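Peer 1: Structure file target-v3.cif, mmCIF, C-alpha atoms, pLDDT in the B column; chains and numbers go by the auth columns, is pasted below:
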data_protein
#
loop_
_atom_site.group_PDB
_atom_site.id
_atom_site.type_symbol
_atom_site.label_atom_id
_atom_site.label_comp_id
_atom_site.label_asym_id
_atom_site.label_seq_id
_atom_site.Cartn_x
_atom_site.Cartn_y
_atom_site.Cartn_z
_atom_site.B_iso_or_equiv
_atom_site.auth_seq_id
_atom_site.auth_asym_id
ATOM 1 C CA MET A 1 -6.145 36.827 18.011 85.00 1 A
ATOM 2 C CA ARG A 2 -4.737 36.360 14.501 92.00 2 A
ATOM 3 C CA THR A 3 -0.984 36.033 14.168 95.00 3 A
ATOM 4 C CA LEU A 4 1.514 36.295 11.344 97.00 4 A
ATOM 5 C CA GLY A 5 4.672 34.193 11.504 97.00 5 A
ATOM 6 C CA ILE A 6 7.724 35.430 9.624 97.00 6 A
ATOM 7 C CA ASP A 7 10.877 33.588 8.624 95.00 7 A
ATOM 8 C CA TYR A 8 12.991 36.624 7.716 95.00 8 A
ATOM 9 C CA GLY A 9 15.872 36.185 5.326 89.00 9 A
ATOM 10 C CA LYS A 10 18.020 38.385 3.119 89.00 10 A
ATOM 11 C CA ARG A 11 16.755 36.716 -0.080 93.00 11 A
ATOM 12 C CA ARG A 12 13.355 35.263 0.790 93.00 12 A
ATOM 13 C CA ILE A 13 10.760 35.872 3.479 96.00 13 A
ATOM 14 C CA GLY A 14 8.356 33.143 4.496 96.00 14 A
ATOM 15 C CA LEU A 15 4.958 33.923 5.968 97.00 15 A
ATOM 16 C CA ALA A 16 2.516 31.787 7.921 97.00 16 A
ATOM 17 C CA ILE A 17 -0.831 32.610 9.488 97.00 17 A
ATOM 18 C CA GLY A 18 -2.552 31.316 12.594 95.00 18 A
ATOM 19 C CA ASP A 19 -4.661 32.279 15.558 88.00 19 A
ATOM 20 C CA THR A 20 -4.607 31.715 19.274 81.00 20 A
ATOM 21 C CA GLU A 21 -8.106 30.207 19.293 84.00 21 A
ATOM 22 C CA SER A 22 -7.485 27.309 16.907 85.00 22 A
ATOM 23 C CA LYS A 23 -3.795 27.125 17.899 91.00 23 A
ATOM 24 C CA LEU A 24 -3.014 26.110 14.337 92.00 24 A
ATOM 25 C CA ALA A 25 -0.390 27.668 12.046 95.00 25 A
ATOM 26 C CA LEU A 26 -0.613 27.331 8.273 95.00 26 A
ATOM 27 C CA PRO A 27 1.936 28.316 5.607 94.00 27 A
ATOM 28 C CA LEU A 28 0.847 31.416 3.717 96.00 28 A
ATOM 29 C CA GLU A 29 3.466 32.410 1.142 95.00 29 A
ATOM 30 C CA THR A 30 7.073 33.171 0.342 94.00 30 A
ATOM 31 C CA PHE A 31 8.160 36.406 -1.277 95.00 31 A
ATOM 32 C CA LEU A 32 11.493 37.756 -2.453 95.00 32 A
ATOM 33 C CA SER A 33 13.061 40.364 -0.197 95.00 33 A
ATOM 34 C CA GLN A 34 13.247 43.791 -1.825 94.00 34 A
ATOM 35 C CA GLY A 35 14.745 45.854 0.965 93.00 35 A
ATOM 36 C CA VAL A 36 13.426 46.786 4.400 93.00 36 A
ATOM 37 C CA ARG A 37 10.970 49.497 3.308 94.00 37 A
ATOM 38 C CA LYS A 38 9.339 47.436 0.548 96.00 38 A
ATOM 39 C CA ASN A 39 9.267 44.358 2.790 96.00 39 A
ATOM 40 C CA VAL A 40 7.496 46.335 5.539 96.00 40 A
ATOM 41 C CA ASP A 41 5.017 47.752 3.014 96.00 41 A
ATOM 42 C CA TYR A 42 4.219 44.277 1.705 97.00 42 A
ATOM 43 C CA ILE A 43 3.805 42.847 5.198 97.00 43 A
ATOM 44 C CA ALA A 44 1.579 45.832 6.110 96.00 44 A
ATOM 45 C CA HIS A 45 -0.637 44.891 3.166 96.00 45 A
ATOM 46 C CA ILE A 46 -0.866 41.269 4.380 96.00 46 A
ATOM 47 C CA ILE A 47 -1.618 42.408 7.940 96.00 47 A
ATOM 48 C CA GLU A 48 -4.464 44.623 6.756 95.00 48 A
ATOM 49 C CA LEU A 49 -5.812 41.980 4.386 95.00 49 A
ATOM 50 C CA LYS A 50 -5.720 39.179 6.994 95.00 50 A
ATOM 51 C CA ASP A 51 -6.620 41.329 10.049 94.00 51 A
ATOM 52 C CA ILE A 52 -3.452 40.387 11.964 95.00 52 A
ATOM 53 C CA ASP A 53 -3.011 41.348 15.628 93.00 53 A
ATOM 54 C CA THR A 54 0.475 40.005 16.434 93.00 54 A
ATOM 55 C CA ILE A 55 3.657 39.387 14.451 96.00 55 A
ATOM 56 C CA VAL A 56 5.901 36.453 15.379 96.00 56 A
ATOM 57 C CA LEU A 57 9.403 36.764 14.011 96.00 57 A
ATOM 58 C CA GLY A 58 11.877 33.887 13.955 94.00 58 A
ATOM 59 C CA MET A 59 15.099 34.785 15.764 94.00 59 A
ATOM 60 C CA PRO A 60 18.128 33.128 14.103 91.00 60 A
ATOM 61 C CA LEU A 61 20.335 32.590 17.132 87.00 61 A
ATOM 62 C CA ASN A 62 23.700 30.886 16.873 83.00 62 A
ATOM 63 C CA MET A 63 23.798 27.270 18.016 85.00 63 A
ATOM 64 C CA ASP A 64 25.292 28.401 21.350 86.00 64 A
ATOM 65 C CA GLY A 65 22.341 30.771 21.878 83.00 65 A
ATOM 66 C CA THR A 66 24.211 33.993 21.163 85.00 66 A
ATOM 67 C CA GLN A 67 23.156 36.664 18.685 86.00 67 A
ATOM 68 C CA GLY A 68 25.147 36.935 15.493 86.00 68 A
ATOM 69 C CA ARG A 69 24.785 39.265 12.516 90.00 69 A
ATOM 70 C CA ARG A 70 21.560 37.625 11.249 90.00 70 A
ATOM 71 C CA ALA A 71 19.928 37.945 14.687 92.00 71 A
ATOM 72 C CA LYS A 72 20.848 41.632 14.858 94.00 72 A
ATOM 73 C CA ASP A 73 19.416 42.197 11.356 94.00 73 A
ATOM 74 C CA THR A 74 16.228 40.419 12.460 95.00 74 A
ATOM 75 C CA LEU A 75 15.942 42.548 15.616 95.00 75 A
ATOM 76 C CA PHE A 76 16.348 45.680 13.498 95.00 76 A
ATOM 77 C CA PHE A 77 13.644 44.475 11.089 96.00 77 A
ATOM 78 C CA GLY A 78 11.367 43.625 14.025 96.00 78 A
ATOM 79 C CA GLU A 79 11.763 47.115 15.480 95.00 79 A
ATOM 80 C CA VAL A 80 10.982 48.691 12.103 95.00 80 A
ATOM 81 C CA LEU A 81 7.837 46.500 11.830 95.00 81 A
ATOM 82 C CA LYS A 82 6.757 47.401 15.369 95.00 82 A
ATOM 83 C CA LYS A 83 7.136 51.144 14.814 95.00 83 A
ATOM 84 C CA ALA A 84 5.711 51.249 11.294 94.00 84 A
ATOM 85 C CA LEU A 85 2.761 48.913 11.846 94.00 85 A
ATOM 86 C CA LYS A 86 1.968 49.607 15.526 93.00 86 A
ATOM 87 C CA LYS A 87 1.733 45.870 16.186 93.00 87 A
ATOM 88 C CA GLU A 88 3.208 43.663 18.880 90.00 88 A
ATOM 89 C CA VAL A 89 6.274 41.756 17.650 95.00 89 A
ATOM 90 C CA ALA A 90 7.215 38.543 19.457 94.00 90 A
ATOM 91 C CA TYR A 91 10.447 36.641 18.828 95.00 91 A
ATOM 92 C CA ILE A 92 10.827 32.861 18.761 93.00 92 A
ATOM 93 C CA ASP A 93 14.130 30.973 18.614 90.00 93 A
ATOM 94 C CA GLU A 94 14.205 29.550 15.091 87.00 94 A
ATOM 95 C CA ARG A 95 17.320 27.398 15.318 77.00 95 A
ATOM 96 C CA LEU A 96 16.999 24.356 13.043 74.00 96 A
ATOM 97 C CA THR A 97 13.540 25.308 11.690 78.00 97 A
ATOM 98 C CA SER A 98 14.788 25.335 8.088 77.00 98 A
ATOM 99 C CA ILE A 99 16.176 21.835 8.553 77.00 99 A
ATOM 100 C CA GLU A 100 12.885 20.708 10.101 78.00 100 A
ATOM 101 C CA ALA A 101 10.970 22.342 7.235 78.00 101 A
ATOM 102 C CA ASN A 102 13.151 20.582 4.664 75.00 102 A
ATOM 103 C CA ASP A 103 12.623 17.248 6.438 78.00 103 A
ATOM 104 C CA LYS A 104 8.842 17.760 6.419 82.00 104 A
ATOM 105 C CA LEU A 105 8.898 18.574 2.717 75.00 105 A
ATOM 106 C CA LYS A 106 11.024 15.493 1.998 78.00 106 A
ATOM 107 C CA GLU A 107 8.606 13.369 4.018 83.00 107 A
ATOM 108 C CA ALA A 108 5.716 14.821 2.001 81.00 108 A
ATOM 109 C CA ARG A 109 7.657 13.898 -1.142 83.00 109 A
ATOM 110 C CA VAL A 110 7.819 17.453 -2.427 76.00 110 A
ATOM 111 C CA PRO A 111 10.320 17.481 -5.301 79.00 111 A
ATOM 112 C CA VAL A 112 13.641 19.218 -4.598 78.00 112 A
ATOM 113 C CA THR A 113 12.931 21.706 -7.397 79.00 113 A
ATOM 114 C CA GLN A 114 9.754 22.884 -5.615 80.00 114 A
ATOM 115 C CA ARG A 115 11.152 22.940 -2.068 77.00 115 A
ATOM 116 C CA LYS A 116 13.177 26.117 -2.530 78.00 116 A
ATOM 117 C CA SER A 117 10.051 28.131 -3.296 77.00 117 A
ATOM 118 C CA ILE A 118 8.126 26.963 -0.213 81.00 118 A
ATOM 119 C CA ILE A 119 10.675 26.035 2.456 81.00 119 A
ATOM 120 C CA ASP A 120 10.616 29.538 3.999 89.00 120 A
ATOM 121 C CA GLN A 121 6.844 29.539 4.470 91.00 121 A
ATOM 122 C CA VAL A 122 7.036 26.080 6.044 91.00 122 A
ATOM 123 C CA ALA A 123 9.781 27.386 8.370 92.00 123 A
ATOM 124 C CA ALA A 124 7.484 30.353 9.191 95.00 124 A
ATOM 125 C CA GLN A 125 4.713 27.852 9.951 94.00 125 A
ATOM 126 C CA ILE A 126 7.018 25.975 12.363 93.00 126 A
ATOM 127 C CA ILE A 127 8.064 29.253 14.044 95.00 127 A
ATOM 128 C CA LEU A 128 4.444 30.339 14.415 96.00 128 A
ATOM 129 C CA GLN A 129 3.329 26.920 15.672 94.00 129 A
ATOM 130 C CA MET A 130 6.011 27.059 18.386 92.00 130 A
ATOM 131 C CA TYR A 131 4.629 30.445 19.450 95.00 131 A
ATOM 132 C CA LEU A 132 1.017 29.217 19.444 94.00 132 A
ATOM 133 C CA ASP A 133 1.983 26.122 21.442 90.00 133 A
ATOM 134 C CA LYS A 134 3.824 28.285 23.983 85.00 134 A
ATOM 135 C CA TYR A 135 0.916 30.752 24.109 73.00 135 A
ATOM 136 C CA SER A 136 -1.588 27.973 24.832 63.00 136 A
ATOM 137 C CA ILE A 137 0.601 26.536 27.631 56.00 137 A
ATOM 138 C CA ASP A 138 1.271 29.943 29.199 53.00 138 A
ATOM 139 C CA TYR A 139 -2.428 30.809 29.279 50.00 139 A
ATOM 140 C CA LEU A 140 -3.952 27.553 30.490 44.00 140 A
ATOM 141 C CA PRO A 141 -6.259 28.034 33.476 42.00 141 A
ATOM 142 C CA LYS A 142 -4.434 27.451 36.735 43.00 142 A
ATOM 143 C CA ASN A 143 -6.427 25.407 39.302 42.00 143 A
#
Using structure tokens, write down the structure that the file contains.

Peer 2:
Amino acid sequence: MRTLGIDYGKRRIGLAIGDTESKLALPLETFLSQGVRKNVDYIAHIIELKDIDTIVLGMPLNMDGTQGRRAKDTLFFGEVLKKALKKEVAYIDERLTSIEANDKLKEARVPVTQRKSIIDQVAAQIILQMYLDKYSIDYLPKN
């Protein structure tokens, strides 16, 4: 099953791709947000092109686990995706994924000037990898 990870933001949207067989998430791209309708249309194009089965959307919860404005915007976007694309949408807690993505890029010695353009897709990769790791644990054979 092929999956698309999304780090949804007001300015930029990061995408990552993976599958439940290899259990590996890879960064795909970052694009500039152009409003809900255009964002959905662009993601629909990616889903068709990459033959995606499931969408994994990062849920930006507050540090105390509650939903703030960004989480509510993300839930709205997820519902629009689900209805428009007729695909399953799963949510993964994305707290601190941007910090983790930035740390990984620093460790890889990616210059600061280049980080801004790819940090969202690396965050999407982290979100998707968390989902794939959870999926593989939840579906291990039980003896």

Peer 1: Interatomic distance between atom CA of A:Ile6 and atom CA of A:Ile127?

Peer 2: 7.6 Å

Peer 1: Which one is closest to A:Asp73: A:Arg115, A:Lys10, A:Lys87, A:Arg2? Count only C-alpha atoms.

Peer 2: A:Lys10

Peer 1: Assuming the chain letters and numbering stay as they are in my file, what does the PyMOL selection byres ((chain A and resi 75) around 12) actually select? List them as an mmCIF file with C-alpha atoms, in the coordinates of the input.

Peer 2:
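Listing of expr-v4.cif after writing:
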data_model
loop_
_atom_site.group_PDB
_atom_site.id
_atom_site.type_symbol
_atom_site.label_atom_id
_atom_site.label_comp_id
_atom_site.auth_asym_id
_atom_site.auth_seq_id
_atom_site.Cartn_x
_atom_site.Cartn_y
_atom_site.Cartn_z
ATOM 1 C CA TYR A 8 12.991 36.624 7.716
ATOM 2 C CA VAL A 56 5.901 36.453 15.379
ATOM 3 C CA LEU A 57 9.403 36.764 14.011
ATOM 4 C CA GLY A 58 11.877 33.887 13.955
ATOM 5 C CA MET A 59 15.099 34.785 15.764
ATOM 6 C CA PRO A 60 18.128 33.128 14.103
ATOM 7 C CA LEU A 61 20.335 32.590 17.132
ATOM 8 C CA GLN A 67 23.156 36.664 18.685
ATOM 9 C CA GLY A 68 25.147 36.935 15.493
ATOM 10 C CA ARG A 69 24.785 39.265 12.516
ATOM 11 C CA ARG A 70 21.560 37.625 11.249
ATOM 12 C CA ALA A 71 19.928 37.945 14.687
ATOM 13 C CA LYS A 72 20.848 41.632 14.858
ATOM 14 C CA ASP A 73 19.416 42.197 11.356
ATOM 15 C CA THR A 74 16.228 40.419 12.460
ATOM 16 C CA PHE A 76 16.348 45.680 13.498
ATOM 17 C CA PHE A 77 13.644 44.475 11.089
ATOM 18 C CA GLY A 78 11.367 43.625 14.025
ATOM 19 C CA GLU A 79 11.763 47.115 15.480
ATOM 20 C CA VAL A 80 10.982 48.691 12.103
ATOM 21 C CA LEU A 81 7.837 46.500 11.830
ATOM 22 C CA LYS A 82 6.757 47.401 15.369
ATOM 23 C CA VAL A 89 6.274 41.756 17.650
ATOM 24 C CA ALA A 90 7.215 38.543 19.457
ATOM 25 C CA TYR A 91 10.447 36.641 18.828
ATOM 26 C CA ILE A 92 10.827 32.861 18.761
#

Peer 1: How far is it from atom CA of A:Tyr42 to atom CA of A:Asn102, in Å with one decimal?

Peer 2: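 Taking atom CA of A:Tyr42 as the start and atom CA of A:Asn102 as the end point, the length is 25.5 Å.
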
Peer 1: Report the residues retrieved by the PyMOL selection byres ((chain A and resi 21) around 10) from the displayed file, expressed as a PyMOL selection string.

Peer 2: chain A and resi 1-2+18-20+22-24+132+136

Peer 1: One decimal, in Å: what's the spacing between atom CA of A:Ile118 and atom CA of A:Ile43?

Peer 2: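 Atom CA of A:Ile43 lies 17.3 Å from atom CA of A:Ile118.
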
Peer 1: On this structure, the PyMOL selection byres ((chain A and resi 51) around 12) would catch which residues? List them as a list in words, sorted by chain and number.

Peer 2: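 Here the PyMOL selection byres ((chain A and resi 51) around 12) matches Met1, Arg2, Thr3, Leu4, Ile17, Gly18, Asp19, Ile43, Ala44, His45, Ile46, Ile47, Glu48, Leu49, Lys50, Ile52, Asp53, Thr54, Ile55 and Lys87 of chain A.
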
Peer 1: From the list A:Asp64, A:Leu85, A:Asp120, A:Gly9, which residue is nearest A:Val40 when using only C-alpha atoms?

Peer 2: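 Looking only at the distances to A:Val40, the closest residue turns out to be A:Leu85.
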
Peer 1: Show me the residues around (10.1, 26.5, -5.1) - criterion: an atom at most 12 Å away, all atoms listed in the file counted - as a list in words.

Peer 2: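 Residues lying no farther than 12 Å from the given point: Arg12, Gly14, Glu29, Thr30, Phe31, Leu32, Asn102, Leu105, Val110, Pro111, Val112, Thr113, Gln114, Arg115, Lys116, Ser117, Ile118, Ile119, Asp120, Gln121 and Val122 of chain A.
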
Peer 1: Considering all atoms listed in the file, state which residue in the set A:Arg95, A:Gly35, A:Ala16, A:Lys106 is at the smallest distance from A:Gln125.

Peer 2: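 Of A:Arg95, A:Gly35, A:Ala16, A:Lys106, the one nearest A:Gln125, counting all atoms listed in the file, is A:Ala16.
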